[in-house]
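See below for the structure under consideration.
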Amino acid sequence: MCGIVGYIGPRTAGSMLIEGLKRLEYRGYDSAGVAMMDDNGGGLQTRKAKGKIAMLENALVASPLDGNVGIAHTRWATHGQPNECNAHPHTDCKGEIALVHNGIIENYSALRKKLQSEGHTFVSETDTEVLAHLIEAVYDDTLEDAVMDALRLVEGTYGIAVVSSKDPNKIVAARKGSPLLIGLGDGEYFVASDVAAILQHTRQVVYLDDGEMAVLTRDGYHVNDLNAVRIKKGVSRIDWDLDQIEKGGFDHFMLKEIFEQPQTIENTMRGRLVESEGFSKLGGLNLSKEELQHIDRVIITACGTSWHSALIGAMMIEEHARIPVSVEYASEFRYRNPIVTERTLCIVISQSGETADTLAAMREAKRRGAKTLGLVNVVGSTIAREDDGGIYLHAGPEIGVASTKAFTSQVVALALLTLKLGRLRDMSVVKGREVAQAMMKLPEQVQEILDRASEIEKIADEFDHATNFLYLGRGFNFPVALEGALKLKEISYIHAEGYPAAEMKHGPIALIDESMPVVFIAPHDSVFDKVVSNVQEVKARGGRVIAILSEEEPSLEGKVDFEFRIPKTIDMLYPVLAAIPLQLLAYYIANKRGLNVDQPRNLAKSVTVE
Ligand code: AGP
């Protein structure tokens, strides 16, 4: 999704802005641009390009900019084609104000008409351009006053950064519904929509909240609301290391992140699992023992991969804590009339902590009186700051658009929560210990699977020309089938569907022929024998079967075309192990098809628009 970076300080802004944009590439974009106050008397100048940042770099080589105040943007088109004209920054009629924007201005059409009737000339099809003209229209004294006056007229969501040649030593940034933070360097200041853009330069950041505006000058910064009332903000320190946002010898971030999972799973559990007692310590829940016991209903809401982990979490909690759980697509939740009481716990799962639909669902659940609990990876993200309590995943930055390590950490965090809720209810210490012991083995077992990645690569060799895939699983592994299918379609553009294995005979079986690969997730759990029957139904119709089996099962040789073994664990934890070969399969197939695995077409890392 769109990215913002800005710089003011003694250094040359251009290279830093470009480098910042490159760090944001993973979020997905279709054009990029930069605006700088030119030190050689050129005033405010912009350069923009359609396509990759390299195209913007070419534009800057052809027509260089020099200066130490600037803003830059990667755009993911919402209103108007991805082209140079619609790329940000957008400027006012005189080219004295330049602005970058993430979000959507909902009343842009009315504002545009009004501004046009007052003589403003628009050059793009975007909603963003109205902001530049609006600031121009109300400009009187300082840039920040004009931005405040303009934003009071705006409906919608925004994270913006603005510069002006009329007030040249300043960047004004404001936020409503779209993440923005200020980076504090040594005598220099940054603004960014994502910490990755500035991590190379500083770890000290100030997160802006909705309704806040920051004014950055060469001498400092301050934050106020849109009525100019100053707000005292805390400074947060980012723990992520630079090497965590670099590829570290891997061809792609996705592959690196798949291989990081023994460590990331360990990190999710660290200090939280009390094996001997069979329970978990979760410091951030902000719920007393009595409050946890008072819960009579759980709603888990999320999108995409996080929604798949939610399905797994629901089964774990119902089975072991005996609390009724429903799983809701975040995008649907607030448009119906869900039953929420003060005894409802709403668990919100989001890698980024910024997904607009998930954030809106959490706010709705809160408004209806539920306690909210965020399972979030990105520290300091909006969901993490607005939830009532949370469990950070501690999986480190996930740069690949296809979520991998966040998924396994989500499942592990849900297992920790299940232990907590279960042991406060019916779960015996013996059962708790069994779960805890199985969890402790996961990092090593994931490593064992990764050590055999070449086996999956060989299977992938057989299928890179497939046009359809079916993924089937039952029980805890049905959501894994959904996740395997999502991974494949996201990065390889092969049509793939996940189904509960027994549902196949109610429709999808019509698709089975020799050109249809079917992936069965069939570890030796309580429904294994049933799944074997489903395998036979596929083979009887000529389908090609890839089976993910666990090590204690007899071979299905003759019944399946390819087998991949995963280590033995308890039923509720098989999703963690079974997901790994499916992630690898998607990766190798997409890579063999020569696709951009880390930045698949049309996708954004975090979807911050509704
Ligand atoms: C996962 O591979 C996807 N890119 C996507 O479905 C993602 O999981 C979804 O957009 C939710 O993101 P979040 O976890 O950051 O909220």
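Naming scheme: A, B, ... for chains in displayed order of the structure tokens; residues 1 onward per chain; ligands 1 onward as shown.
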
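The residue set within 8 Å of Ala132 in chain A, counting only C-alpha atoms and dropping same-chain residues fewer than 4 places from it, reads A:His90, A:Thr91, A:Asp92, A:Ile97, A:Ala98, A:Leu99, A:Thr128, A:Glu136.
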
Residues as selected, C-alpha atoms, written as a CSV table (one decimal), in the first residue's frame, can you do that?
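The new file part.csv reads:
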```
chain,number,residue,atom,x,y,z
A,90,HIS,CA,0.6,16.6,-5.8
A,91,THR,CA,1.0,20.3,-6.0
A,92,ASP,CA,-1.3,23.4,-6.0
A,97,ILE,CA,2.8,23.4,-2.1
A,98,ALA,CA,3.6,19.7,-2.5
A,99,LEU,CA,1.9,17.0,-0.7
A,128,THR,CA,-5.3,13.6,-3.1
A,136,GLU,CA,-3.5,26.7,-1.3
```

All residues having an atom within 8 Å of ligand 1 (only C-alpha atoms and all ligand atoms) as number ranges by chain: A: 302-307, 349-355, 358, 376, 401-404, 406, 486-487, 490, 603-607

Backbone DSSP call of strand (DSSP E or B) for range 8-175 of chain A, listed as a ChimeraX atom specification: /A:8,31-38,43-50,69-75,90-91,97-102,105,156,158-164,171-175

Nearest to Lys371 in chain A by atom-to-atom distance, counting only C-alpha atoms, from A:Ile299, A:Ile546, A:Ala415, A:Leu115: A:Ile299

Using only C-alpha atoms: which of A:Ile4, A:Ile456, A:Ile135, A:Leu184 has the shortest distance to Arg218 in chain A: A:Leu184

Gln261 in chain A environment, 10 Å, only C-alpha atoms, sequence neighbours closer than 6 positions dropped, as a list in words: Asn267, Ala395, Thr404, Lys405, Ala406, Phe407, Thr408, Ser409, Leu442, Pro443, Glu444, Val446, Gln447, Leu450, Val576 and Ile580 of chain A

With all heavy atoms kept, could you save the residues just selected as a tab-separated table (two decimals), in the first residue's frame?
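Generated file (result.tsv):
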```tsv
chain	number	residue	atom	x	y	z
A	267	ASN	N	10.66	-17.15	19.58
A	267	ASN	CA	10.50	-15.80	20.12
A	267	ASN	C	9.07	-15.55	20.60
A	267	ASN	O	8.86	-14.84	21.59
A	267	ASN	CB	10.87	-14.75	19.07
A	267	ASN	CG	12.36	-14.73	18.79
A	267	ASN	OD1	13.14	-15.32	19.54
A	267	ASN	ND2	12.77	-14.10	17.70
A	395	ALA	N	7.68	-11.77	15.98
A	395	ALA	CA	8.22	-12.51	14.82
A	395	ALA	C	9.21	-11.65	14.03
A	395	ALA	O	9.79	-12.13	13.05
A	395	ALA	CB	7.09	-12.98	13.92
A	404	THR	N	4.12	-15.41	6.14
A	404	THR	CA	4.57	-16.78	6.44
A	404	THR	C	4.86	-16.92	7.94
A	404	THR	O	4.11	-17.57	8.67
A	404	THR	CB	5.82	-17.13	5.63
A	404	THR	OG1	6.82	-16.10	5.83
A	404	THR	CG2	5.52	-17.30	4.16
A	405	LYS	N	5.94	-16.23	8.37
A	405	LYS	CA	6.31	-16.41	9.78
A	405	LYS	C	5.27	-15.80	10.72
A	405	LYS	O	5.11	-16.27	11.85
A	405	LYS	CB	7.70	-15.82	10.05
A	405	LYS	CG	7.83	-14.33	9.80
A	405	LYS	CD	9.24	-13.86	10.12
A	405	LYS	CE	9.38	-12.35	9.92
A	405	LYS	NZ	10.68	-11.87	10.37
A	406	ALA	N	4.55	-14.79	10.26
A	406	ALA	CA	3.52	-14.22	11.12
A	406	ALA	C	2.42	-15.25	11.37
A	406	ALA	O	1.88	-15.34	12.46
A	406	ALA	CB	2.93	-12.95	10.51
A	407	PHE	N	2.10	-16.04	10.31
A	407	PHE	CA	1.04	-17.05	10.46
A	407	PHE	C	1.41	-18.06	11.55
A	407	PHE	O	0.61	-18.34	12.45
A	407	PHE	CB	0.81	-17.76	9.12
A	407	PHE	CG	-0.14	-18.92	9.21
A	407	PHE	CD1	-1.51	-18.70	9.31
A	407	PHE	CD2	0.32	-20.23	9.20
A	407	PHE	CE1	-2.41	-19.77	9.41
A	407	PHE	CE2	-0.57	-21.31	9.30
A	407	PHE	CZ	-1.93	-21.07	9.40
A	408	THR	N	2.61	-18.62	11.47
A	408	THR	CA	2.95	-19.64	12.47
A	408	THR	C	3.04	-19.03	13.87
A	408	THR	O	2.64	-19.66	14.85
A	408	THR	CB	4.26	-20.37	12.09
A	408	THR	OG1	5.26	-19.42	11.72
A	408	THR	CG2	4.04	-21.34	10.94
A	409	SER	N	3.50	-17.78	13.95
A	409	SER	CA	3.54	-17.14	15.27
A	409	SER	C	2.14	-16.86	15.79
A	409	SER	O	1.89	-16.91	17.00
A	409	SER	CB	4.35	-15.84	15.21
A	409	SER	OG	5.73	-16.14	15.20
A	442	LEU	N	8.30	-27.45	18.86
A	442	LEU	CA	8.02	-26.91	17.53
A	442	LEU	C	9.23	-26.32	16.80
A	442	LEU	O	9.44	-26.62	15.61
A	442	LEU	CB	6.89	-25.87	17.61
A	442	LEU	CG	5.48	-26.42	17.85
A	442	LEU	CD1	4.49	-25.28	18.08
A	442	LEU	CD2	5.02	-27.28	16.67
A	443	PRO	N	10.04	-25.48	17.47
A	443	PRO	CA	11.15	-24.87	16.71
A	443	PRO	C	12.06	-25.91	16.05
A	443	PRO	O	12.41	-25.81	14.87
A	443	PRO	CB	11.90	-24.05	17.76
A	443	PRO	CG	10.87	-23.75	18.80
A	443	PRO	CD	9.97	-24.94	18.84
A	444	GLU	N	12.38	-26.95	16.82
A	444	GLU	CA	13.26	-28.01	16.29
A	444	GLU	C	12.55	-28.77	15.16
A	444	GLU	O	13.16	-29.11	14.14
A	444	GLU	CB	13.54	-28.96	17.45
A	444	GLU	CG	14.79	-29.76	17.30
A	444	GLU	CD	14.92	-30.67	18.50
A	444	GLU	OE1	14.88	-30.16	19.65
A	444	GLU	OE2	15.01	-31.89	18.28
A	446	VAL	N	10.22	-27.63	13.16
A	446	VAL	CA	10.14	-26.78	11.96
A	446	VAL	C	11.50	-26.81	11.25
A	446	VAL	O	11.58	-26.90	10.02
A	446	VAL	CB	9.72	-25.34	12.34
A	446	VAL	CG1	9.89	-24.39	11.17
A	446	VAL	CG2	8.27	-25.34	12.82
A	447	GLN	N	12.57	-26.79	12.05
A	447	GLN	CA	13.91	-26.84	11.46
A	447	GLN	C	14.11	-28.14	10.67
A	447	GLN	O	14.66	-28.13	9.56
A	447	GLN	CB	14.98	-26.71	12.55
A	447	GLN	CG	16.39	-26.54	12.01
A	447	GLN	CD	16.53	-25.32	11.12
A	447	GLN	OE1	16.23	-24.20	11.53
A	447	GLN	NE2	16.96	-25.52	9.86
A	450	LEU	N	12.50	-27.74	7.39
A	450	LEU	CA	13.25	-26.81	6.52
A	450	LEU	C	14.52	-27.47	5.97
A	450	LEU	O	14.94	-27.18	4.85
A	450	LEU	CB	13.60	-25.53	7.29
A	450	LEU	CG	12.40	-24.65	7.65
A	450	LEU	CD1	12.80	-23.55	8.63
A	450	LEU	CD2	11.77	-24.05	6.40
A	576	VAL	N	0.98	-25.63	12.49
A	576	VAL	CA	2.28	-24.95	12.48
A	576	VAL	C	3.25	-25.70	11.58
A	576	VAL	O	3.96	-25.11	10.75
A	576	VAL	CB	2.86	-24.84	13.91
A	576	VAL	CG1	4.26	-24.24	13.90
A	576	VAL	CG2	1.91	-24.04	14.80
A	580	ILE	N	4.43	-25.18	6.78
A	580	ILE	CA	5.80	-24.92	6.25
A	580	ILE	C	5.98	-25.50	4.84
A	580	ILE	O	6.38	-24.77	3.92
A	580	ILE	CB	6.90	-25.46	7.21
A	580	ILE	CG1	6.63	-25.06	8.66
A	580	ILE	CG2	8.30	-25.08	6.75
A	580	ILE	CD1	6.83	-23.64	9.03
```

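For the residues A:Gly6, A:Pro324, A:Gly473, A:Pro517, ranking by smallest atom-to-atom distance to Ile198 in chain A using only C-alpha atoms places A:Gly6 first.
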
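Checking A:Arg425, A:His524, A:His394, A:Lys530 one by one against Leu375 in chain A, counting only C-alpha atoms, you find the shortest gap at A:His394.
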
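Each of A:Ile300, A:Met269, A:Val123, A:Val412 was checked against Ala314 in chain A using only C-alpha atoms; the smallest atom-to-atom distance is that of A:Ile300.
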
Contact residues around His506 in chain A with only C-alpha atoms at 12 Å, ignoring same-chain residues under 6 positions, as a ChimeraX atom specification: /A:499-500,534

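On the backbone of this structure, DSSP gives alpha helix (DSSP H) within range 41-137 of chain A to Ile53, Ala54, Met55, Leu56, Glu57, Asn58, Ala59, Leu60, Val61, Ala62, Tyr108, Ser109, Ala110, Leu111, Arg112, Lys113, Lys114, Leu115, Gln116, Ser117, Glu129, Val130, Leu131, Ala132, His133, Leu134, Ile135, Glu136 and Ala137 of chain A.
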
Taking C-alpha atoms for each residue, export the selection above as a short mmCIF file (atom, residue, chain, number, x, y, z; two decimals), in the first residue's frame.
```
data_model
loop_
_atom_site.label_atom_id
_atom_site.label_comp_id
_atom_site.auth_asym_id
_atom_site.auth_seq_id
_atom_site.Cartn_x
_atom_site.Cartn_y
_atom_site.Cartn_z
CA ILE A 53 11.57 3.25 -7.95
CA ALA A 54 14.40 2.66 -10.43
CA MET A 55 12.31 4.68 -12.91
CA LEU A 56 12.14 7.54 -10.43
CA GLU A 57 15.90 7.29 -9.96
CA ASN A 58 16.30 7.59 -13.75
CA ALA A 59 14.12 10.70 -13.70
CA LEU A 60 16.34 12.16 -10.98
CA VAL A 61 19.49 11.38 -12.96
CA ALA A 62 18.01 13.09 -16.01
CA TYR A 108 -12.99 14.93 -2.76
CA SER A 109 -15.54 15.21 -5.52
CA ALA A 110 -17.51 18.02 -3.82
CA LEU A 111 -14.29 19.77 -2.77
CA ARG A 112 -12.87 19.50 -6.28
CA LYS A 113 -15.99 21.03 -7.85
CA LYS A 114 -15.94 23.89 -5.37
CA LEU A 115 -12.23 24.56 -5.89
CA GLN A 116 -12.64 24.40 -9.68
CA SER A 117 -15.45 26.94 -9.48
CA GLU A 129 -4.86 16.59 -5.42
CA VAL A 130 -7.78 18.40 -3.75
CA LEU A 131 -5.73 18.58 -0.56
CA ALA A 132 -2.95 20.56 -2.24
CA HIS A 133 -5.48 23.00 -3.73
CA LEU A 134 -7.41 23.22 -0.49
CA ILE A 135 -4.25 24.17 1.41
CA GLU A 136 -3.51 26.74 -1.28
CA ALA A 137 -7.03 28.16 -0.97
#
```

Contacts of range 232-249 of chain A within 7 Å, only C-alpha atoms, excl. fewer than 6 positions in-chain, as a ChimeraX atom specification: /A:199-200,203-206,256,396-397,399

Write out the residues from the selection above, keeping all heavy atoms, as a short mmCIF file (atom, residue, chain, number, x, y, z; two decimals), in the first residue's frame.
```
data_model
loop_
_atom_site.label_atom_id
_atom_site.label_comp_id
_atom_site.auth_asym_id
_atom_site.auth_seq_id
_atom_site.Cartn_x
_atom_site.Cartn_y
_atom_site.Cartn_z
N LEU A 199 14.65 3.28 9.56
CA LEU A 199 15.37 2.50 10.57
C LEU A 199 16.89 2.64 10.45
O LEU A 199 17.61 2.57 11.44
CB LEU A 199 14.96 1.03 10.45
CG LEU A 199 15.30 0.11 11.61
CD1 LEU A 199 14.67 0.59 12.91
CD2 LEU A 199 14.83 -1.32 11.31
N GLN A 200 17.33 2.84 9.24
CA GLN A 200 18.76 2.99 9.01
C GLN A 200 19.33 4.24 9.69
O GLN A 200 20.51 4.32 9.99
CB GLN A 200 18.97 3.11 7.50
CG GLN A 200 20.41 3.10 7.09
CD GLN A 200 20.52 2.60 5.66
OE1 GLN A 200 19.52 2.33 5.00
NE2 GLN A 200 21.74 2.47 5.19
N ARG A 203 16.28 5.03 15.61
CA ARG A 203 15.36 4.10 16.25
C ARG A 203 14.39 4.81 17.19
O ARG A 203 13.55 4.18 17.83
CB ARG A 203 16.17 3.10 17.11
CG ARG A 203 16.81 2.06 16.30
CD ARG A 203 17.97 1.43 17.06
NE ARG A 203 18.67 0.58 16.12
CZ ARG A 203 18.20 -0.58 15.71
NH1 ARG A 203 17.08 -1.05 16.19
NH2 ARG A 203 18.86 -1.27 14.82
N GLN A 204 14.58 6.12 17.32
CA GLN A 204 13.71 6.90 18.21
C GLN A 204 12.54 7.43 17.39
O GLN A 204 12.76 8.20 16.45
CB GLN A 204 14.46 8.10 18.80
CG GLN A 204 15.77 7.75 19.47
CD GLN A 204 15.55 6.99 20.77
OE1 GLN A 204 14.56 7.20 21.46
NE2 GLN A 204 16.45 6.08 21.07
N VAL A 205 11.34 7.02 17.77
CA VAL A 205 10.19 7.47 16.98
C VAL A 205 9.07 7.97 17.87
O VAL A 205 8.95 7.59 19.04
CB VAL A 205 9.63 6.35 16.05
CG1 VAL A 205 10.69 5.84 15.10
CG2 VAL A 205 9.02 5.22 16.84
N VAL A 206 8.25 8.82 17.28
CA VAL A 206 7.03 9.30 17.94
C VAL A 206 5.87 8.89 17.02
O VAL A 206 5.84 9.28 15.86
CB VAL A 206 7.06 10.84 18.09
CG1 VAL A 206 5.72 11.35 18.61
CG2 VAL A 206 8.20 11.26 19.00
N LYS A 256 13.56 -16.05 3.12
CA LYS A 256 14.27 -15.77 4.38
C LYS A 256 13.28 -15.93 5.55
O LYS A 256 13.61 -16.53 6.58
CB LYS A 256 14.82 -14.35 4.34
CG LYS A 256 15.48 -13.92 5.63
CD LYS A 256 15.94 -12.47 5.54
CE LYS A 256 16.51 -11.99 6.86
NZ LYS A 256 15.91 -10.75 7.30
N GLY A 396 9.40 -10.40 14.43
CA GLY A 396 10.30 -9.51 13.68
C GLY A 396 9.62 -9.05 12.40
O GLY A 396 8.56 -9.56 12.03
N PRO A 397 10.24 -8.07 11.72
CA PRO A 397 9.59 -7.50 10.55
C PRO A 397 9.31 -8.54 9.47
O PRO A 397 10.18 -9.33 9.13
CB PRO A 397 10.58 -6.45 10.04
CG PRO A 397 11.83 -6.64 10.81
CD PRO A 397 11.52 -7.45 12.02
N ILE A 399 8.57 -8.75 5.66
CA ILE A 399 8.67 -7.87 4.49
C ILE A 399 7.96 -8.50 3.29
O ILE A 399 7.32 -7.81 2.52
CB ILE A 399 10.15 -7.59 4.14
CG1 ILE A 399 10.92 -7.07 5.36
CG2 ILE A 399 10.28 -6.64 2.96
CD1 ILE A 399 10.57 -5.70 5.83
#
```

Spatial neighbours of Val538 in chain A, 10 Å, only C-alpha atoms, chain gap at least 2 places, as a ChimeraX atom specification: /A:504-505,509,512-514,516-518,532-536,540-545,559-560

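If you measure from each of A:Ala161, A:Val191, A:Leu255, A:Leu482 to Tyr7 in chain A using only C-alpha atoms, the closest one turns out to be A:Val191.
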
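The interatomic distance for the pair CA of Glu434 in chain A and CA of Gly278 in chain A works out to 7.3 Å.
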
Residue contacts of Arg270 in chain A (10 Å, only C-alpha atoms) excluding same-chain residues fewer than 4 positions away, as a VMD selection string: chain A and resid 264 to 266 274 394 440
